[in-house]
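Notes follow once the structure below has been shown.
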Amino acid sequence: MQELNHKKIESKWQKYWEEHETFKTDVWDFSKPKYYVLDMFPYPSGVGLHAGHVSGYTATDIISRMKRMQGFNVLHPMGYDSFGLPAEQYAVTTGNHPDGFTKKNVEYFTQQLKSLGFDYDWSKKILTSDPKFYKWTQWIFKQLYLDGYAKYVDMPVNWCEELGTVLSNDEVIDGKSERGGYPVVRKNMKQLCIDQVAFAEKLLEGLDHLDWPESTKEIQRNWIGKSIGAHVTFKVADFDEEFVVFTTRCDTLFGATYCVLSPEHKLVDKITSEDKKQEVADYKKICASKSDLERTELNHEKTGVFIGAYAINPVNNNKIPIYISDYVLASYGTGAIMAVPAHDTRDYEFATKFNIPIIQVLEEETGIKQENETKKESIVAIIYNKNSNKYLTLNWKQMGGRLFIGGTKNNNESSLECALREIKEETGYINVKFIKELPRINHHYYAKNKNIYFNTDATPLYFELIDEKQVKQNLDADESFEIEWVDAQIIEQEVVDELHKKSYEYTLNSGAMIGDGIHINSEFLNGLNKKDAINKMLEYLEQNNIGQKHVNYKFREWIFARQRYWGEPVPIVHMEDNTDYVLEDIELPLVLPKLEDYQAHNGKAPLENATEWKNYVSKDGKKGIRETSTMPGSAGSSWYYFRYIDPNNDNMFCDPKLAKHWLPVDLYLGGPEHAVGHLIYSRIWNRYLYDKGLSFVKEPFKKLVHQGMILGENGIKMGKRYPEYAVDPKDICEKYGADTLRLYEMFMGPIEASKPWSSKGVDAARKFIERVWRFFTNKENISNSEVKQLDKIYNTTVKKVTNDFESLNFNTAISQMMIFVNECYKIGTCSLEYAQGFIKMISCIIPHTAEEIWQILGHNETIAYESWPSYDESKMVDENVNIAISVNGKLRNTIKVPLNSEKSYVEKLALTDQKVSKHLENKEIVKIIFVPNKIINIVVR
RNA sequence: GCCUGUGUGGCGGAAUUGGUAGACGCGCUGGACUCAAAAUCCAGUGAUAGCAAUAUCGUGUGGGUUCGACUCCCACCACAGGCACCA
């Protein structure tokens, strides 16, 4: 028997596959069902593959190998997302064109991927920075532009005057540029954008049908941020002006007591009163110098300025003040809101700070509504003692349990007066400090002592105790309770009355009532719940022409231009006559010119320096300047999955017949970090092409799986911080072989989980491969006749491995294969048939070793196209089966009985079993539960 | 704060239409082989008590449903990821 020499074997088979073009896919062969399995293509950095790449690529490799053996025509391609920052940096620092740098890295990457034995069809390799590829990136962009989805839009950006450039949010710190510390302001500028909002609804709808991780779908939904509401128009008092607000709660319009415009709102300057001009200008200045990040900072106390103008509430014609505040974002909705402090936490905060009236228009309802109720108004007073951290309660014992102070209002008495009176009468405390009034509650209850059903409008009030001073109580005859100070825990456990419980809950929240309830103070909405009231109000708004239903998205324009060199040139020319000209198809690709200086100076795009290149003269002699921004990194990756199918087509981005056959991608694997970037952009581009009839699927990626991170042996992310714990796949490959690395990474745990590296685990993987090698290359172990003892384990293994591979549970598939090998060792022999079946399965994970064993077993051809093993269910069941006997759910013994034994038979054995019967002594058997072939449970008393 | 996910031996991790918790691997212990070691093969290995048979406990915490709960329900805690004044 020969030694397992991984270096020899691996290079031998890699050479074989390459020479025989084993994995070349004939995309025009439609005779077999297709299977398209795709990895997120890497950025070809100089450092090469890391351990995380290997786990993802091995997973798709296993699937593609299995599918091929199952008779699918498999497409498993690889390429490089080769435009982008590191190559740009290289150009800037060395002054060399990034092309060579990229080519070198691509070569290094490809060689590494080949050394891992992945079954990529390298004839389909693509590079996004290759003019042959980006010709079509430009072409698709052109279609987007011609169809109006790509356009120049005026939008607010972070502008730094000194640097002369636009900065992204994370490049701005404390209102100053990260580099240089120059002031940054928000400014409107023309930007080349793609209107992704136009696809929002289709993107949301598409998510429902995708086999993707729920978390990723949720991230995309949040990102799109759909909210259904209404636009409502407010007129400005004393001006011939109006503004529109977006609200999801138009049912609360009667409670709108002020409006807020974002400081950037275009109406602000027009309607600000003379005496407020200075204050408003100052406030606007402060806001402009803040970045988005700062503006949305946590625990940021509300600020704002009254601008001296009033709006007219369109439903009741009330004059309400207009403020500006940075809690209203210019970029969301209409940049203006109606504020309903009673039912919105932020508005409540603002209103209490600026002493703006709060009108409650929704009341929660507690208790059960009855016929013939007596209406009344009442209060609930909650008193908190700061010093003891306790609340004052009245313990009514059998008469009603633990309550706060409650009482009915007298005529013309305010809630506060009533509360103070009741506190004094019932408890004798006189020095309490009023903190706040909480939302009113509509409560139904039955008063036993009076035999009356009441419906009370109850106002909870919150007080703090100033001192312990008490006067004599003044109780009615039917009032009998103990006064007790208790802590929050007791309140939560013992205050069960719905009204009092709810009142207490309100003390814990902000003063705004967000929940559902019935409308009050709202004229035609009174008595309706939230949903009905929204519908009725929408009807009213539309009838009276003051608003209409509106759907709003957080999703914004996708800025599609960067002031960088190493990206696709935008095929647009700004002509002398101020028109924009899009290049003809024949003028594509618009090739990126070489430059002497690749740096962006003063925020100007490097291509500004390409003087010759950027000056454009059309056939008929018209002059213009080319767009000098380049496309963002995500452009090429938004459609590359098309190009793999037809990489050399010069007439089209992809032949429609091929696109129709091969898409969607059946399995897409890559890191979760692309959840909202690449994975949304790809869906948008595909959806656009679908609507245009150029793609034939609504969604490009049918099933998506994210591979988890491989952590260092210390459980921390590999990287610069702990270089001693970083693992380079190259070293493992060298020392243990690619097969060991592949097997180990698949055995570590579930593919989606992040898991720590273990060098012991690598040893174990190598050990298992050697164990397989030793057994199956030893001719004495392989029998030409059947080995019946292996029937059950073999068939079970084939079934489990097949299913586990299919669902990407590679760790459990491997463990099952280990069980099979253990069994082979135990028995000492294995039939040729089973040995071959086993080697076929494991060849997906350790292809080099498996090919070699396959050859030793007597084959001349590659194992890659052998048919996948099948299994026989009937051979998977034993004649006998173990049944667990439990007494009151506790396991007492297991017995072996014939398969499908009757209950009566098992019951008799169970009851007379020695180990079991002693647990039955002196007990009465209540019942016996029997699950065939599994368990029998005897219930005793 | 909100959304999503996770929580099981010394470690990586199995097991969910509710039915023998801890598969498989690592580590550890013992045995065989060997002059010896490595490698290999075999056996054992959740905790506590006990010589043992065995008993009790045990899937983040506390309750609940059930003959029976890692699995279902309620509340809470911890960690990870995402969003965050989105009207």
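Each chain in the structure tokens gets a letter, A, B, ..., in the order shown, and its residues are numbered from 1; ligands are numbered from 1 in order too.
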
(request) Select residues of chain A: the criterion is any atom within 6 Å of an atom of chain B, counting only C-alpha atoms (C1' of nucleotides); output as an MDAnalysis selection string. (result) chainID A and resid 215 247 327 815 884 889 939

Preceding selection exported with C-alpha atoms as a CSV table (one decimal), in the first residue's frame:
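Done, and the output landed in out05.csv:
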```csv
chain,number,residue,atom,x,y,z
A,215,SER,CA,-32.4,38.3,8.4
A,247,THR,CA,-47.8,61.5,8.1
A,327,TYR,CA,-35.4,66.5,14.3
A,815,SER,CA,-20.0,13.0,10.6
A,884,ALA,CA,-37.5,3.3,25.5
A,889,GLY,CA,-41.5,10.6,31.6
A,939,VAL,CA,-48.0,7.0,34.0
```

(request) Tell me, as a PyMOL selection string, which residues lie within 8 Å of His231 in chain A, counting only C-alpha atoms (C1' of nucleotides); anything in the same chain fewer than 4 positions away does not count. (result) chain A and resi 244-247+547-550

Requested write-out: N, CA, C and O atoms of the selected residues, as a PDB file, in the first residue's frame:
```pdb
ATOM      1  N   VAL A 244     -46.707  70.779   2.285  1.00  0.00           N
ATOM      2  CA  VAL A 244     -47.272  69.439   2.413  1.00  0.00           C
ATOM      3  C   VAL A 244     -46.488  68.681   3.476  1.00  0.00           C
ATOM      4  O   VAL A 244     -45.265  68.788   3.536  1.00  0.00           O
ATOM      5  N   VAL A 245     -47.200  67.957   4.329  1.00  0.00           N
ATOM      6  CA  VAL A 245     -46.514  67.105   5.293  1.00  0.00           C
ATOM      7  C   VAL A 245     -46.816  65.653   4.966  1.00  0.00           C
ATOM      8  O   VAL A 245     -47.839  65.351   4.363  1.00  0.00           O
ATOM      9  N   PHE A 246     -45.893  64.787   5.366  1.00  0.00           N
ATOM     10  CA  PHE A 246     -46.167  63.353   5.271  1.00  0.00           C
ATOM     11  C   PHE A 246     -46.447  62.838   6.669  1.00  0.00           C
ATOM     12  O   PHE A 246     -45.722  63.173   7.610  1.00  0.00           O
ATOM     13  N   THR A 247     -47.511  62.053   6.825  1.00  0.00           N
ATOM     14  CA  THR A 247     -47.818  61.474   8.125  1.00  0.00           C
ATOM     15  C   THR A 247     -48.368  60.072   7.959  1.00  0.00           C
ATOM     16  O   THR A 247     -49.039  59.779   6.981  1.00  0.00           O
ATOM     17  N   GLY A 547     -55.545  66.533   0.857  1.00  0.00           N
ATOM     18  CA  GLY A 547     -54.522  65.509   1.046  1.00  0.00           C
ATOM     19  C   GLY A 547     -54.931  64.224   0.385  1.00  0.00           C
ATOM     20  O   GLY A 547     -56.034  64.118  -0.149  1.00  0.00           O
ATOM     21  N   GLN A 548     -54.005  63.284   0.373  1.00  0.00           N
ATOM     22  CA  GLN A 548     -54.336  61.970  -0.176  1.00  0.00           C
ATOM     23  C   GLN A 548     -53.368  60.925   0.349  1.00  0.00           C
ATOM     24  O   GLN A 548     -52.326  61.260   0.932  1.00  0.00           O
ATOM     25  N   LYS A 549     -53.752  59.693   0.164  1.00  0.00           N
ATOM     26  CA  LYS A 549     -52.906  58.595   0.596  1.00  0.00           C
ATOM     27  C   LYS A 549     -51.548  58.701  -0.079  1.00  0.00           C
ATOM     28  O   LYS A 549     -51.467  59.080  -1.253  1.00  0.00           O
ATOM     29  N   HIS A 550     -50.503  58.373   0.649  1.00  0.00           N
ATOM     30  CA  HIS A 550     -49.177  58.437   0.049  1.00  0.00           C
ATOM     31  C   HIS A 550     -48.269  57.384   0.683  1.00  0.00           C
ATOM     32  O   HIS A 550     -48.329  57.149   1.879  1.00  0.00           O
TER      33      HIS A 550
END
```

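Shell of Leu663 in chain A at 8 Å, with only C-alpha atoms (C1' of nucleotides) counted and residues fewer than 5 places along the chain excluded, is Tyr36, Phe642, Phe696, Val697 and Pro700 of chain A.
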
So that I can see what lies close to range 47-55 of chain B, please list as a CSV table (one decimal) with all heavy atoms, in the first residue's frame the residues with an atom at most 9 Å from it, counting only C-alpha atoms (C1' of nucleotides) and leaving out residues fewer than 2 positions away in the same chain.
```
chain,number,residue,atom,x,y,z
B,9,G,P,-23.2,23.6,27.9
B,9,G,OP1,-23.1,23.8,29.4
B,9,G,OP2,-22.6,24.6,27.0
B,9,G,O5',-22.4,22.2,27.5
B,9,G,C5',-21.1,22.1,27.8
B,9,G,C4',-20.9,20.9,28.8
B,9,G,O4',-21.4,19.7,28.2
B,9,G,C3',-19.4,20.7,29.1
B,9,G,O3',-19.3,20.3,30.5
B,9,G,C2',-19.0,19.6,28.2
B,9,G,O2',-18.0,18.8,28.7
B,9,G,C1',-20.3,18.8,28.2
B,9,G,N9,-20.5,17.9,27.0
B,9,G,C8,-20.8,16.6,27.0
B,9,G,N7,-20.8,16.1,25.8
B,9,G,C5,-20.5,17.1,25.0
B,9,G,C6,-20.4,17.1,23.6
B,9,G,O6,-20.5,16.2,22.8
B,9,G,N1,-20.1,18.4,23.1
B,9,G,C2,-19.9,19.5,23.9
B,9,G,N2,-19.6,20.6,23.3
B,9,G,N3,-20.0,19.5,25.2
B,9,G,C4,-20.3,18.3,25.7
B,57,C,P,-34.5,14.8,39.9
B,57,C,OP1,-35.6,15.6,40.3
B,57,C,OP2,-34.6,13.8,38.9
B,57,C,O5',-33.3,15.8,39.5
B,57,C,C5',-32.9,16.9,40.3
B,57,C,C4',-31.6,17.5,39.8
B,57,C,O4',-30.6,16.5,39.8
B,57,C,C3',-31.6,18.0,38.3
B,57,C,O3',-32.2,19.3,38.2
B,57,C,C2',-30.1,18.0,38.1
B,57,C,O2',-29.5,19.1,38.7
B,57,C,C1',-29.6,16.7,38.7
B,57,C,N1,-29.6,15.6,37.8
B,57,C,C2,-28.5,15.5,36.9
B,57,C,O2,-27.6,16.4,36.9
B,57,C,N3,-28.5,14.5,36.0
B,57,C,C4,-29.4,13.6,36.0
B,57,C,N4,-29.3,12.6,35.1
B,57,C,C5,-30.6,13.6,36.9
B,57,C,C6,-30.6,14.7,37.8
B,58,G,P,-33.0,19.6,36.8
B,58,G,OP1,-33.5,21.0,37.0
B,58,G,OP2,-33.9,18.5,36.5
B,58,G,O5',-31.8,19.6,35.8
B,58,G,C5',-30.8,20.7,35.8
B,58,G,C4',-29.8,20.4,34.8
B,58,G,O4',-29.2,19.1,35.0
B,58,G,C3',-30.3,20.4,33.3
B,58,G,O3',-30.4,21.7,32.8
B,58,G,C2',-29.2,19.5,32.6
B,58,G,O2',-28.1,20.3,32.3
B,58,G,C1',-28.9,18.5,33.7
B,58,G,N9,-29.5,17.2,33.6
B,58,G,C8,-30.7,16.8,34.2
B,58,G,N7,-31.0,15.6,33.8
B,58,G,C5,-30.0,15.2,32.9
B,58,G,C6,-29.9,14.0,32.1
B,58,G,O6,-30.6,13.0,32.1
B,58,G,N1,-28.8,14.1,31.3
B,58,G,C2,-27.9,15.1,31.2
B,58,G,N2,-26.9,15.0,30.4
B,58,G,N3,-28.0,16.3,31.9
B,58,G,C4,-29.1,16.2,32.7
```

(request) Using DSSP on the backbone coordinates, identify all residues within range 22-245 of chain A classified as strand (DSSP E or B); present the result as number ranges by chain. (result) A: 34-39, 73-75, 80, 127, 150-160, 165-167, 172-173, 176-177, 183-194, 211, 226-236, 242-245

(request) Find the residues near range 139-150 of chain A: any atom within 12 Å, counting only C-alpha atoms (C1' of nucleotides), skip ones fewer than 5 places away on the same chain, and give them as a PyMOL selection string. (result) chain A and resi 131-134+191-199+557-561+568-573+580-590+630-632+635-636+638-640+642+650-654+684-689+691-692+694-695

(request) as a ChimeraX atom specification, please: all residues of range 697-788 of chain A that backbone DSSP puts in alpha helix (DSSP H). (result) /A:729-736,738-747,759-776

(request) Please provide as a ChimeraX atom specification all residues within 7 Å of range 525-539 of chain A, with the sequence filter that same-chain residues fewer than 5 positions apart are discarded (counting only C-alpha atoms (C1' of nucleotides)). (result) /A:249-251,516-520,548-549

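If you count only C-alpha atoms (C1' of nucleotides) and ignore residues fewer than 4 places along the chain from G64 in chain B, what sits within 12 Å of it is A69, C72, C73, C74 and A75 of chain B.
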
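Reported to one decimal place, the separation of CA of Met69 in chain A from CA of Tyr834 in chain A is 16.3 Å.
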